[in-house]
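Below is protein_19.pdb, holding PDB, C-alpha atoms and all ligand atoms.
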ATOM      1  CA  MET A  72       0.000   0.000   0.000
ATOM      2  CA  GLY A  73       2.780   2.389   1.027
ATOM      3  CA  HIS A  74       4.622   2.076  -2.292
ATOM      4  CA  ILE A  75       1.758   3.328  -4.394
ATOM      5  CA  LYS A  76       0.944   6.356  -2.275
ATOM      6  CA  LYS A  77       1.719   9.430  -4.311
ATOM      7  CA  THR A  78       4.452  11.727  -3.068
ATOM      8  CA  GLU A  79       1.919  14.536  -2.776
ATOM      9  CA  THR A  80      -0.291  12.498  -0.399
ATOM     10  CA  LEU A  81       2.783  11.711   1.711
ATOM     11  CA  HIS A  82       3.710  15.375   1.842
ATOM     12  CA  ILE A  83       0.193  16.269   2.971
ATOM     13  CA  MET A  84       0.593  13.692   5.773
ATOM     14  CA  VAL A  85       3.892  15.342   6.776
ATOM     15  CA  LYS A  86       2.252  18.778   6.765
ATOM     16  CA  LYS A  87      -0.626  17.539   8.929
ATOM     17  CA  HIS A  88       1.849  16.062  11.423
ATOM     18  CA  TYR A  89       3.746  19.316  11.874
ATOM     19  CA  THR A  90       0.979  21.433  13.373
ATOM     20  CA  LYS A  91       2.118  21.275  17.003
ATOM     21  CA  PRO A  92       4.955  23.785  17.386
ATOM     22  CA  ARG A  93       5.299  23.286  21.148
ATOM     23  CA  ARG A  94       5.935  19.578  20.659
ATOM     24  CA  GLU A  95       8.680  20.317  18.083
ATOM     25  CA  TRP A  96      10.179  23.008  20.286
ATOM     26  CA  SER A  97      10.512  20.554  23.191
ATOM     27  CA  ARG A  98      11.685  17.692  20.921
ATOM     28  CA  HIS A  99      15.180  18.803  21.831
ATOM     29  CA  GLU A 100      14.745  17.603  25.413
ATOM     30  CA  LYS A 101      14.904  13.956  24.227
ATOM     31  CA  HIS A 102      17.997  11.805  24.840
ATOM     32  CA  GLY A 103      19.327  14.407  27.261
ATOM     33  CA  GLY A 104      19.114  17.034  24.526
ATOM     34  CA  MET A 105      22.104  15.546  22.725
ATOM     35  CA  GLU A 106      20.859  16.341  19.207
ATOM     36  CA  TRP A 107      20.580  19.993  20.234
ATOM     37  CA  ILE A 108      23.813  20.120  22.265
ATOM     38  CA  THR A 109      25.839  18.541  19.454
ATOM     39  CA  SER A 110      24.227  20.611  16.696
ATOM     40  CA  ILE A 111      24.962  23.835  18.578
ATOM     41  CA  TYR A 112      28.548  22.658  19.204
ATOM     42  CA  LEU A 113      29.006  22.050  15.454
ATOM     43  CA  LEU A 114      27.315  25.323  14.456
ATOM     44  CA  ASP A 115      29.564  27.252  16.864
ATOM     45  CA  ARG A 116      32.561  25.525  15.337
ATOM     46  CA  TYR A 117      31.770  25.849  11.618
ATOM     47  CA  LEU A 118      29.484  28.885  11.163
ATOM     48  CA  PRO A 119      31.085  32.122  10.021
ATOM     49  CA  LYS A 120      31.146  34.730  12.792
ATOM     50  CA  ARG A 121      28.656  36.999  10.965
ATOM     51  CA  GLY A 122      26.486  36.970   7.865
ATOM     52  CA  LEU A 123      23.038  35.907   6.653
ATOM     53  CA  ILE A 124      21.881  32.360   7.469
ATOM     54  CA  LEU A 125      18.984  30.418   5.935
ATOM     55  CA  ASP A 126      17.261  28.159   8.502
ATOM     56  CA  ALA A 127      15.520  25.832   6.026
ATOM     57  CA  GLY A 128      12.852  23.618   7.586
ATOM     58  CA  GLY A 129      13.453  25.552  10.791
ATOM     59  CA  GLY A 130       9.963  24.793  12.173
ATOM     60  CA  PRO A 131       9.150  26.702  15.378
ATOM     61  CA  GLY A 132      12.513  28.442  15.142
ATOM     62  CA  ARG A 133      14.564  27.078  17.992
ATOM     63  CA  TYR A 134      17.827  27.288  16.029
ATOM     64  CA  THR A 135      16.770  30.595  14.447
ATOM     65  CA  ILE A 136      16.291  32.176  17.873
ATOM     66  CA  GLU A 137      19.470  30.707  19.348
ATOM     67  CA  LEU A 138      21.569  31.923  16.417
ATOM     68  CA  ALA A 139      19.864  35.339  16.365
ATOM     69  CA  LYS A 140      20.683  35.695  20.076
ATOM     70  CA  LYS A 141      24.325  35.028  19.156
ATOM     71  CA  GLY A 142      24.258  37.933  16.700
ATOM     72  CA  HIS A 143      23.563  36.223  13.356
ATOM     73  CA  LYS A 144      21.065  37.482  10.792
ATOM     74  CA  ILE A 145      18.564  34.793   9.778
ATOM     75  CA  ILE A 146      15.783  33.992   7.357
ATOM     76  CA  LEU A 147      13.483  31.222   8.618
ATOM     77  CA  LEU A 148      11.696  28.975   6.107
ATOM     78  CA  ASP A 149       9.215  26.157   6.764
ATOM     79  CA  PRO A 150       5.998  24.821   5.150
ATOM     80  CA  SER A 151       4.110  24.682   8.467
ATOM     81  CA  GLN A 152       2.274  27.969   9.059
ATOM     82  CA  SER A 153       1.526  27.078  12.702
ATOM     83  CA  HIS A 154       5.259  26.562  13.296
ATOM     84  CA  LEU A 155       6.030  29.882  11.640
ATOM     85  CA  ASP A 156       3.350  31.707  13.669
ATOM     86  CA  PHE A 157       4.808  30.245  16.860
ATOM     87  CA  ALA A 158       8.329  31.268  15.754
ATOM     88  CA  ASP A 159       7.068  34.779  15.018
ATOM     89  CA  ARG A 160       5.708  35.082  18.567
ATOM     90  CA  MET A 161       8.969  33.779  20.077
ATOM     91  CA  ILE A 162      11.038  36.161  17.941
ATOM     92  CA  LYS A 163       8.973  39.117  19.149
ATOM     93  CA  LYS A 164       9.065  37.891  22.754
ATOM     94  CA  ASN A 165      12.865  37.775  22.566
ATOM     95  CA  LYS A 166      13.031  41.143  20.720
ATOM     96  CA  LEU A 167      14.936  39.602  17.823
ATOM     97  CA  GLU A 168      12.942  41.139  14.942
ATOM     98  CA  LYS A 169      16.009  43.002  13.660
ATOM     99  CA  ARG A 170      18.081  39.809  13.423
ATOM    100  CA  VAL A 171      15.381  37.481  12.013
ATOM    101  CA  ILE A 172      14.808  39.531   8.916
ATOM    102  CA  LYS A 173      12.177  37.378   7.198
ATOM    103  CA  ILE A 174       9.894  34.402   7.800
ATOM    104  CA  VAL A 175       8.977  32.475   4.656
ATOM    105  CA  ASN A 176       6.397  29.736   4.101
ATOM    106  CA  GLY A 177       8.169  27.374   1.703
ATOM    107  CA  LYS A 178       9.805  24.037   1.039
ATOM    108  CA  ILE A 179      13.433  23.070   0.582
ATOM    109  CA  GLU A 180      12.662  21.513  -2.824
ATOM    110  CA  ASP A 181      11.857  24.966  -4.173
ATOM    111  CA  LEU A 182      13.889  27.888  -2.869
ATOM    112  CA  SER A 183      13.227  29.993  -5.981
ATOM    113  CA  VAL A 184      12.208  32.973  -3.803
ATOM    114  CA  PHE A 185      15.949  33.334  -3.129
ATOM    115  CA  LYS A 186      18.592  34.320  -5.696
ATOM    116  CA  LYS A 187      21.617  32.072  -6.080
ATOM    117  CA  GLU A 188      24.488  32.704  -3.652
ATOM    118  CA  THR A 189      22.374  34.697  -1.168
ATOM    119  CA  PHE A 190      23.449  33.114   2.145
ATOM    120  CA  ASP A 191      26.689  33.020   4.129
ATOM    121  CA  ALA A 192      25.494  29.701   5.625
ATOM    122  CA  VAL A 193      22.560  27.339   5.143
ATOM    123  CA  ILE A 194      21.204  25.077   7.881
ATOM    124  CA  CYS A 195      18.580  22.368   7.411
ATOM    125  CA  LEU A 196      18.365  20.590  10.752
ATOM    126  CA  GLY A 197      16.319  17.927  12.499
ATOM    127  CA  GLY A 198      15.224  16.049   9.395
ATOM    128  CA  PRO A 199      13.368  18.301   6.894
ATOM    129  CA  LEU A 200      15.217  16.461   4.100
ATOM    130  CA  SER A 201      14.103  13.132   5.618
ATOM    131  CA  HIS A 202      10.493  14.238   5.075
ATOM    132  CA  VAL A 203      10.949  14.671   1.323
ATOM    133  CA  MET A 204       9.510  11.394   0.120
ATOM    134  CA  SER A 205      10.823  11.112  -3.433
ATOM    135  CA  LYS A 206      14.447  10.611  -4.469
ATOM    136  CA  LYS A 207      14.095  13.145  -7.280
ATOM    137  CA  LEU A 208      12.786  15.811  -4.914
ATOM    138  CA  ARG A 209      15.552  15.074  -2.384
ATOM    139  CA  GLU A 210      18.029  15.651  -5.226
ATOM    140  CA  LYS A 211      16.238  18.891  -6.092
ATOM    141  CA  ALA A 212      16.313  19.958  -2.421
ATOM    142  CA  ALA A 213      20.077  19.287  -2.164
ATOM    143  CA  SER A 214      20.658  21.324  -5.360
ATOM    144  CA  GLU A 215      18.540  24.163  -3.984
ATOM    145  CA  LEU A 216      20.297  24.237  -0.591
ATOM    146  CA  ILE A 217      23.632  24.445  -2.446
ATOM    147  CA  ARG A 218      22.375  26.982  -5.026
ATOM    148  CA  VAL A 219      21.331  29.594  -2.450
ATOM    149  CA  ALA A 220      24.639  29.326  -0.503
ATOM    150  CA  LYS A 221      27.486  31.699  -1.353
ATOM    151  CA  ARG A 222      30.649  30.156  -2.762
ATOM    152  CA  GLY A 223      32.586  28.541   0.115
ATOM    153  CA  ALA A 224      29.657  28.944   2.560
ATOM    154  CA  PRO A 225      29.021  26.064   4.970
ATOM    155  CA  ILE A 226      25.882  23.944   4.582
ATOM    156  CA  PHE A 227      24.619  21.914   7.565
ATOM    157  CA  VAL A 228      22.074  19.136   6.969
ATOM    158  CA  SER A 229      20.891  16.676   9.627
ATOM    159  CA  VAL A 230      18.664  13.687   8.904
ATOM    160  CA  MET A 231      17.270  10.494  10.424
ATOM    161  CA  ASN A 232      19.516   7.450  10.323
ATOM    162  CA  ARG A 233      18.266   4.308   8.580
ATOM    163  CA  LEU A 234      20.280   1.813  10.639
ATOM    164  CA  ALA A 235      19.688   3.472  14.031
ATOM    165  CA  ILE A 236      15.955   3.173  13.431
ATOM    166  CA  ILE A 237      16.306  -0.609  13.404
ATOM    167  CA  ARG A 238      17.349  -0.381  17.045
ATOM    168  CA  GLY A 239      14.366   1.881  17.653
ATOM    169  CA  GLU A 240      12.122  -0.927  16.390
ATOM    170  CA  LEU A 241      13.628  -3.314  18.942
ATOM    171  CA  VAL A 242      13.412  -0.888  21.835
ATOM    172  CA  ASP A 243      10.119   0.890  21.166
ATOM    173  CA  PHE A 244       8.184  -0.523  18.208
ATOM    174  CA  GLN A 245       8.393  -4.333  18.015
ATOM    175  CA  ASN A 246       4.835  -4.409  16.604
ATOM    176  CA  GLU A 247       6.250  -2.923  13.375
ATOM    177  CA  LEU A 248       8.676  -5.785  12.708
ATOM    178  CA  LEU A 249       6.086  -7.731  10.673
ATOM    179  CA  THR A 250       4.936  -4.809   8.511
ATOM    180  CA  THR A 251       5.570  -4.298   4.788
ATOM    181  CA  TYR A 252       7.360  -1.071   5.509
ATOM    182  CA  PHE A 253       9.871  -2.808   7.799
ATOM    183  CA  ARG A 254      10.409  -5.632   5.284
ATOM    184  CA  ASN A 255      11.591  -3.034   2.748
ATOM    185  CA  TRP A 256      13.239  -0.687   5.231
ATOM    186  CA  LEU A 257      16.877  -1.724   4.823
ATOM    187  CA  LYS A 258      16.689  -1.470   1.042
ATOM    188  CA  THR A 259      14.579   1.675   0.670
ATOM    189  CA  GLY A 260      14.658   3.540   3.993
ATOM    190  CA  ASP A 261      11.102   4.678   3.255
ATOM    191  CA  TYR A 262       8.404   4.774   5.936
ATOM    192  CA  PHE A 263       4.936   5.702   4.756
ATOM    193  CA  GLY A 264       3.295   6.588   8.072
ATOM    194  CA  GLY A 265       0.509   4.796   9.864
ATOM    195  CA  TYR A 266       2.466   3.639  12.925
ATOM    196  CA  GLY A 267       2.811   6.683  15.128
ATOM    197  CA  PHE A 268       5.115   8.881  13.055
ATOM    198  CA  THR A 269       4.759  10.794   9.828
ATOM    199  CA  PRO A 270       6.271   9.619   6.482
ATOM    200  CA  MET A 271      10.049   9.833   6.401
ATOM    201  CA  HIS A 272      13.140   8.616   4.615
ATOM    202  CA  GLY A 273      15.938   7.130   6.718
ATOM    203  CA  PHE A 274      19.348   7.958   5.234
ATOM    204  CA  MET A 275      22.491   5.872   5.130
ATOM    205  CA  PRO A 276      25.508   8.107   5.965
ATOM    206  CA  GLU A 277      27.133   7.611   2.528
ATOM    207  CA  GLU A 278      23.795   8.303   0.810
ATOM    208  CA  LEU A 279      23.604  11.804   2.324
ATOM    209  CA  LYS A 280      27.261  12.495   1.621
ATOM    210  CA  ASN A 281      26.977  11.369  -2.027
ATOM    211  CA  LEU A 282      23.811  13.430  -2.526
ATOM    212  CA  PHE A 283      25.747  16.629  -1.822
ATOM    213  CA  GLU A 284      29.148  15.619  -3.239
ATOM    214  CA  ARG A 285      27.561  14.747  -6.600
ATOM    215  CA  ARG A 286      26.210  18.291  -6.735
ATOM    216  CA  GLY A 287      29.620  19.847  -6.213
ATOM    217  CA  ALA A 288      29.685  20.296  -2.421
ATOM    218  CA  LYS A 289      33.206  20.204  -0.992
ATOM    219  CA  ASN A 290      34.841  19.119   2.292
ATOM    220  CA  CYS A 291      31.869  16.881   3.184
ATOM    221  CA  LYS A 292      32.114  15.624   6.778
ATOM    222  CA  LEU A 293      29.644  13.517   8.779
ATOM    223  CA  PHE A 294      28.953  13.770  12.521
ATOM    224  CA  ALA A 295      26.813  11.753  14.930
ATOM    225  CA  LEU A 296      24.377  13.925  16.904
ATOM    226  CA  GLU A 297      23.009  11.764  19.757
ATOM    227  CA  GLY A 298      25.683   9.077  19.241
ATOM    228  CA  PHE A 299      25.666   6.474  22.025
ATOM    229  CA  SER A 300      23.049   8.525  23.904
ATOM    230  CA  SER A 301      20.403   7.597  21.292
ATOM    231  CA  ARG A 302      17.283   6.087  22.930
ATOM    232  CA  GLU A 303      18.969   6.274  26.362
ATOM    233  CA  ASP A 304      16.615   8.840  27.926
ATOM    234  CA  LYS A 305      16.593   7.164  31.353
ATOM    235  CA  ALA A 306      20.380   6.882  31.564
ATOM    236  CA  MET A 307      20.811  10.460  30.318
ATOM    237  CA  LEU A 308      18.382  11.780  32.934
ATOM    238  CA  GLU A 309      20.345   9.953  35.633
ATOM    239  CA  LEU A 310      23.629  11.281  34.252
ATOM    240  CA  SER A 311      22.331  14.861  34.171
ATOM    241  CA  LYS A 312      22.048  14.755  37.986
ATOM    242  CA  ASN A 313      25.818  14.466  38.296
ATOM    243  CA  LYS A 314      27.586  17.464  36.757
ATOM    244  CA  ARG A 315      31.094  15.977  36.790
ATOM    245  CA  ARG A 316      30.052  12.710  35.167
ATOM    246  CA  TRP A 317      27.928  14.640  32.636
ATOM    247  CA  LYS A 318      30.942  16.756  31.673
ATOM    248  CA  VAL A 319      33.086  13.669  31.071
ATOM    249  CA  TRP A 320      30.342  12.062  28.961
ATOM    250  CA  ILE A 321      29.922  15.176  26.791
ATOM    251  CA  LYS A 322      33.679  15.530  26.346
ATOM    252  CA  THR A 323      33.967  11.878  25.322
ATOM    253  CA  HIS A 324      30.961  12.226  22.993
ATOM    254  CA  PHE A 325      32.477  15.237  21.204
ATOM    255  CA  ALA A 326      35.770  13.363  20.816
ATOM    256  CA  ILE A 327      34.102  10.542  18.844
ATOM    257  CA  ILE A 328      31.230  12.151  16.885
ATOM    258  CA  ASP A 329      33.132  11.866  13.615
ATOM    259  CA  ARG A 330      33.731   8.103  14.023
ATOM    260  CA  LEU A 331      31.771   5.891  11.629
ATOM    261  CA  GLU A 332      30.929   3.472  14.468
ATOM    262  CA  VAL A 333      29.222   6.299  16.372
ATOM    263  CA  ILE A 334      27.543   7.866  13.331
ATOM    264  CA  GLY A 335      26.122   4.415  12.535
ATOM    265  CA  VAL A 336      24.195   4.117  15.826
ATOM    266  CA  SER A 337      23.089   7.733  16.123
ATOM    267  CA  ASP A 338      19.366   8.505  15.660
ATOM    268  CA  HIS A 339      20.326  11.657  13.720
ATOM    269  CA  PHE A 340      23.544  12.557  11.966
ATOM    270  CA  MET A 341      24.757  15.777  10.357
ATOM    271  CA  LEU A 342      26.551  16.499   7.121
ATOM    272  CA  ILE A 343      28.655  19.657   6.990
ATOM    273  CA  CYS A 344      30.066  20.733   3.657
ATOM    274  CA  ASN A 345      31.045  23.862   1.758
ATOM    275  CA  LYS A 346      29.684  25.111  -1.523
TER
HETATM  276  C1  LIG A 401      11.495  17.741  13.308
HETATM  277  S1  LIG A 401      11.086  19.360  12.713
HETATM  278  C2  LIG A 401      12.649  20.204  12.810
HETATM  279  C3  LIG A 401      12.491  21.666  13.062
HETATM  280  C4  LIG A 401      13.814  22.410  13.342
HETATM  281  N1  LIG A 401      14.699  22.400  12.202
HETATM  282  C5  LIG A 401      14.508  21.804  14.541
HETATM  283  O1  LIG A 401      15.421  20.994  14.368
HETATM  284  O2  LIG A 401      14.109  22.134  15.678
HETATM  285  C6  LIG A 401      10.968  19.051  10.981
HETATM  286  C7  LIG A 401      10.521  20.289  10.219
HETATM  287  O3  LIG A 401      10.637  20.025   8.809
HETATM  288  C8  LIG A 401       9.596  20.716   8.180
HETATM  289  N2  LIG A 401       9.444  20.161   6.821
HETATM  290  C9  LIG A 401       8.787  19.047   6.432
HETATM  291  N3  LIG A 401       8.871  18.910   5.092
HETATM  292  C10 LIG A 401       9.601  19.960   4.634
HETATM  293  C11 LIG A 401      10.036  20.400   3.352
HETATM  294  N4  LIG A 401       9.733  19.717   2.256
HETATM  295  N5  LIG A 401      10.760  21.539   3.263
HETATM  296  C12 LIG A 401      11.086  22.241   4.372
HETATM  297  N6  LIG A 401      10.713  21.870   5.611
HETATM  298  C13 LIG A 401       9.972  20.758   5.739
HETATM  299  C14 LIG A 401       8.400  20.525   9.097
HETATM  300  O4  LIG A 401       7.366  21.455   8.842
HETATM  301  C15 LIG A 401       9.059  20.678  10.465
HETATM  302  O5  LIG A 401       8.990  22.005  10.904
END
Show how you would write the structure in this file as structure tokens.
Amino acid sequence: MGHIKKTETLHIMVKKHYTKPRREWSRHEKHGGMEWITSIYLLDRYLPKRGLILDAGGGPGRYTIELAKKGHKIILLDPSQSHLDFADRMIKKNKLEKRVIKIVNGKIEDLSVFKKETFDAVICLGGPLSHVMSKKLREKAASELIRVAKRGAPIFVSVMNRLAIIRGELVDFQNELLTTYFRNWLKTGDYFGGYGFTPMHGFMPEELKNLFERRGAKNCKLFALEGFSSREDKAMLELSKNKRRWKVWIKTHFAIIDRLEVIGVSDHFMLICNK
């Protein structure tokens, strides 16, 4: 059934799912907040000090607001109007209207509202590219994210990990092991919805890297985001009660986020490259 669903229907399902901005805002509290902590660490390390950033698929704007607070200028883009309305309120609440210069309702597959080489950095975090349910459109989205970046500008893209999700099935969703979607999962990485989450594509690390390298992106590097903390909410909560142990864990995590073994088990991973 899943295979014959048209891409458009799948995208409508994705749109319907993303109507709860508060839930997406607090998504970053999962797994001890490691996706957030690691993404911020990598942004701090690889973003230029100043310039205009596109937050593509930025949802309720958590990264937009954090980066605006740090002095960056941002344009936020997302197809969910309720997310954008929430972001707008948060931007005003934090008095960041001068830094967040525009909020745009749009999709990463079509960034034609922006001229080529507009942005000093492009970020597309927390899986917007994983919600593009056709290979052709994912290719279009990668081309668009590269097109709007200035020459040499960094591009940050994080997605959901195909292999890590297999562990998720064991830990949280054993009822899905007998479904058609799971039978085809390893080969296709496509999930068509119907079991608690919205349609998504799980990436293999080399798949994401190739997608951007084939379109001319340079210096492509992969990083685990949650790493060994993936699905370990209970252990992470326990660890967070002990500051010294927490510090050691984070330091160790940062030291190994570029290792293939760690990327392979991480619920999300990030590609950083330059145009
Ligand atoms: C899990 S949220 C991530 C939000 C934000 N980037 C973050 O990490 O906090 C995924 C976001 O992708 C957006 N999205 C889904 N399909 C998209 C598309 N084709 N283009 C751009 N964004 C999309 C959703 O509306 C949602 O806001």
For each of A:Ser205, A:Ser97, A:Ser110, A:Asn345, take the minimum atom-to-atom distance to Leu138 (chain A), counting all atoms listed in the file, then give the residue where this is smallest.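 That would be A:Ser110, the residue with the smallest distance to Leu138 (chain A).
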Using all atoms listed in the file, which residues of the polymer chains come no farther than 6 Å from ligand LIG 401 (chain A)? I'd like the answer as an MDAnalysis selection string. chainID A and resid 89 95 127:130 133 149:151 178:179 196:199 202:203
Output C-alpha atoms of each residue in that selection to a file, as a tab-separated table (two decimals), in the coordinates of the input.
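Wrote it out as out_8.tsv, contents follow:
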chain	number	residue	atom	x	y	z
A	89	TYR	CA	3.75	19.32	11.87
A	95	GLU	CA	8.68	20.32	18.08
A	127	ALA	CA	15.52	25.83	6.03
A	128	GLY	CA	12.85	23.62	7.59
A	129	GLY	CA	13.45	25.55	10.79
A	130	GLY	CA	9.96	24.79	12.17
A	133	ARG	CA	14.56	27.08	17.99
A	149	ASP	CA	9.22	26.16	6.76
A	150	PRO	CA	6.00	24.82	5.15
A	151	SER	CA	4.11	24.68	8.47
A	178	LYS	CA	9.80	24.04	1.04
A	179	ILE	CA	13.43	23.07	0.58
A	196	LEU	CA	18.36	20.59	10.75
A	197	GLY	CA	16.32	17.93	12.50
A	198	GLY	CA	15.22	16.05	9.40
A	199	PRO	CA	13.37	18.30	6.89
A	202	HIS	CA	10.49	14.24	5.08
A	203	VAL	CA	10.95	14.67	1.32
Taking the file above as input, evaluate the PyMOL selection byres (((chain A and resi 321-329) around 10) and not hetatm) and report the hits as a list in words.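 So the PyMOL selection byres (((chain A and resi 321-329) around 10) and not hetatm), applied here, picks out Met105, Ile108, Thr109, Tyr112, Leu113, Lys292, Leu293, Phe294, Ala295, Leu296, Glu297, Gly298, Phe299, Ser300, Arg316, Trp317, Lys318, Val319, Trp320, Arg330, Leu331, Glu332, Val333, Ile334, Ser337, Phe340 and Met341 of chain A.
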Once you have the residues from the selection above, write them out as a tab-separated table (two decimals), in the coordinates of the input, restricted to C-alpha atoms.
chain	number	residue	atom	x	y	z
A	105	MET	CA	22.10	15.55	22.72
A	108	ILE	CA	23.81	20.12	22.26
A	109	THR	CA	25.84	18.54	19.45
A	112	TYR	CA	28.55	22.66	19.20
A	113	LEU	CA	29.01	22.05	15.45
A	292	LYS	CA	32.11	15.62	6.78
A	293	LEU	CA	29.64	13.52	8.78
A	294	PHE	CA	28.95	13.77	12.52
A	295	ALA	CA	26.81	11.75	14.93
A	296	LEU	CA	24.38	13.92	16.90
A	297	GLU	CA	23.01	11.76	19.76
A	298	GLY	CA	25.68	9.08	19.24
A	299	PHE	CA	25.67	6.47	22.02
A	300	SER	CA	23.05	8.52	23.90
A	316	ARG	CA	30.05	12.71	35.17
A	317	TRP	CA	27.93	14.64	32.64
A	318	LYS	CA	30.94	16.76	31.67
A	319	VAL	CA	33.09	13.67	31.07
A	320	TRP	CA	30.34	12.06	28.96
A	330	ARG	CA	33.73	8.10	14.02
A	331	LEU	CA	31.77	5.89	11.63
A	332	GLU	CA	30.93	3.47	14.47
A	333	VAL	CA	29.22	6.30	16.37
A	334	ILE	CA	27.54	7.87	13.33
A	337	SER	CA	23.09	7.73	16.12
A	340	PHE	CA	23.54	12.56	11.97
A	341	MET	CA	24.76	15.78	10.36
d(CA of Lys211 (chain A), CA of Glu180 (chain A)) in Å: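 According to the coordinates, CA of Lys211 (chain A) and CA of Glu180 (chain A) are separated by 5.5 Å.
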Pick the closest to Asn232 (chain A) from A:Asp338, A:Asp159, A:Asp304, A:Glu284: which is it, counting all atoms listed in the file?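 Using all atoms listed in the file, the shortest distance to Asn232 (chain A) belongs to A:Asp338.
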Calculated over all atoms listed in the file, which of the candidates A:Val336, A:Ile172, A:Cys344, A:Leu249 has the smallest distance to Leu282 (chain A)?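 Selected residue with least distance to Leu282 (chain A): A:Cys344.
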What's the separation between CA of Asn281 (chain A) and CA of Arg238 (chain A), in Å to one decimal place? 24.4 Å
Applied to this file, what does the PyMOL selection byres (((chain A and resi 247) around 12) and not hetatm) return in terms of residues, put as a compact mmCIF listing (two decimals) with C-alpha atoms, in the coordinates of the input?
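The new file selection-v6.txt reads:
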# COMPACT_ATOMS: atom_id res chain seq x y z
CA ILE A 236 15.96 3.17 13.43
CA ILE A 237 16.31 -0.61 13.40
CA ARG A 238 17.35 -0.38 17.05
CA GLY A 239 14.37 1.88 17.65
CA GLU A 240 12.12 -0.93 16.39
CA LEU A 241 13.63 -3.31 18.94
CA VAL A 242 13.41 -0.89 21.84
CA ASP A 243 10.12 0.89 21.17
CA PHE A 244 8.18 -0.52 18.21
CA GLN A 245 8.39 -4.33 18.02
CA ASN A 246 4.84 -4.41 16.60
CA LEU A 248 8.68 -5.78 12.71
CA LEU A 249 6.09 -7.73 10.67
CA THR A 250 4.94 -4.81 8.51
CA THR A 251 5.57 -4.30 4.79
CA TYR A 252 7.36 -1.07 5.51
CA PHE A 253 9.87 -2.81 7.80
CA ARG A 254 10.41 -5.63 5.28
CA ASN A 255 11.59 -3.03 2.75
CA TRP A 256 13.24 -0.69 5.23
CA TYR A 262 8.40 4.77 5.94
CA GLY A 264 3.30 6.59 8.07
CA GLY A 265 0.51 4.80 9.86
CA TYR A 266 2.47 3.64 12.92
CA GLY A 267 2.81 6.68 15.13
CA PHE A 268 5.12 8.88 13.06
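Every protein or nucleic acid residue with an atom no more than 12 Å from region 163-171 of chain A, counting only C-alpha atoms and leaving out same-chain residues fewer than 4 positions away, appears here: Arg121, Gly122, Leu123, Ile124, Leu125, Asp126, Gly132, Arg133, Tyr134, Thr135, Ile136, Glu137, Leu138, Ala139, Lys140, Lys141, Gly142, His143, Lys144, Ile145, Ile146, Leu147, Leu148, Asp156, Phe157, Ala158, Asp159 and Val175 of chain A.
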List the spatial neighbours of Gly103 (chain A) as a PyMOL selection string - criterion: any atom at most 10 Å away, only C-alpha atoms, same-chain residues fewer than 2 positions off excluded. chain A and resi 99-101+105-108+297+300-311
Could you tell me which of A:Arg233, A:Met204, A:Leu182, A:Arg116 comes closest to Thr269 (chain A) if we count only C-alpha atoms?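 The shortest atom-to-atom distance to Thr269 (chain A) comes from A:Met204.
Using all atoms listed in the file for every distance, the candidate list A:Gly335, A:Gly287, A:Pro92, A:Pro119 yields A:Gly287 as the residue closest to Ala213 (chain A).
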Could you tell me how far CA of Met231 (chain A) lies from CA of Ala192 (chain A), in Å and to one decimal? 21.4 Å
Using only C-alpha atoms, which of the listed residues (A:Phe263, A:Arg315, A:Lys258, A:Glu278) sits closest to Thr80 (chain A)?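 Of all the options, A:Phe263 lies closest to Thr80 (chain A).
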Please provide as JSON, numbers by chain all residues within 7 Å of Lys280 (chain A), with the sequence filter that same-chain residues fewer than 4 positions apart are discarded (counting all atoms listed in the file). {"A": [276, 284, 291, 342]}
Would you mind completing region 146-155 of chain A to N, CA and C atoms and writing the output as a PDB file, in the coordinates of the input?
ATOM      1  N   ILE A 146      17.100  34.136   7.985  1.00  0.00           N
ATOM      2  CA  ILE A 146      15.783  33.992   7.357  1.00  0.00           C
ATOM      3  C   ILE A 146      15.294  32.589   7.706  1.00  0.00           C
ATOM      4  N   LEU A 147      14.068  32.515   8.227  1.00  0.00           N
ATOM      5  CA  LEU A 147      13.483  31.222   8.618  1.00  0.00           C
ATOM      6  C   LEU A 147      12.493  30.783   7.547  1.00  0.00           C
ATOM      7  N   LEU A 148      12.619  29.516   7.116  1.00  0.00           N
ATOM      8  CA  LEU A 148      11.696  28.975   6.107  1.00  0.00           C
ATOM      9  C   LEU A 148      11.151  27.639   6.574  1.00  0.00           C
ATOM     10  N   ASP A 149       9.853  27.431   6.407  1.00  0.00           N
ATOM     11  CA  ASP A 149       9.215  26.157   6.764  1.00  0.00           C
ATOM     12  C   ASP A 149       7.839  26.109   6.081  1.00  0.00           C
ATOM     13  N   PRO A 150       7.337  24.889   5.763  1.00  0.00           N
ATOM     14  CA  PRO A 150       5.998  24.821   5.150  1.00  0.00           C
ATOM     15  C   PRO A 150       4.867  24.809   6.169  1.00  0.00           C
ATOM     16  N   SER A 151       5.182  24.749   7.467  1.00  0.00           N
ATOM     17  CA  SER A 151       4.110  24.682   8.467  1.00  0.00           C
ATOM     18  C   SER A 151       3.806  26.084   9.004  1.00  0.00           C
ATOM     19  N   GLN A 152       2.616  26.604   8.653  1.00  0.00           N
ATOM     20  CA  GLN A 152       2.274  27.969   9.059  1.00  0.00           C
ATOM     21  C   GLN A 152       2.153  28.074  10.588  1.00  0.00           C
ATOM     22  N   SER A 153       1.662  26.990  11.236  1.00  0.00           N
ATOM     23  CA  SER A 153       1.526  27.078  12.702  1.00  0.00           C
ATOM     24  C   SER A 153       2.914  27.150  13.362  1.00  0.00           C
ATOM     25  N   HIS A 154       3.894  26.457  12.774  1.00  0.00           N
ATOM     26  CA  HIS A 154       5.259  26.562  13.296  1.00  0.00           C
ATOM     27  C   HIS A 154       5.792  27.981  13.111  1.00  0.00           C
ATOM     28  N   LEU A 155       5.516  28.536  11.930  1.00  0.00           N
ATOM     29  CA  LEU A 155       6.030  29.882  11.640  1.00  0.00           C
ATOM     30  C   LEU A 155       5.362  30.933  12.533  1.00  0.00           C
TER      31      LEU A 155
END
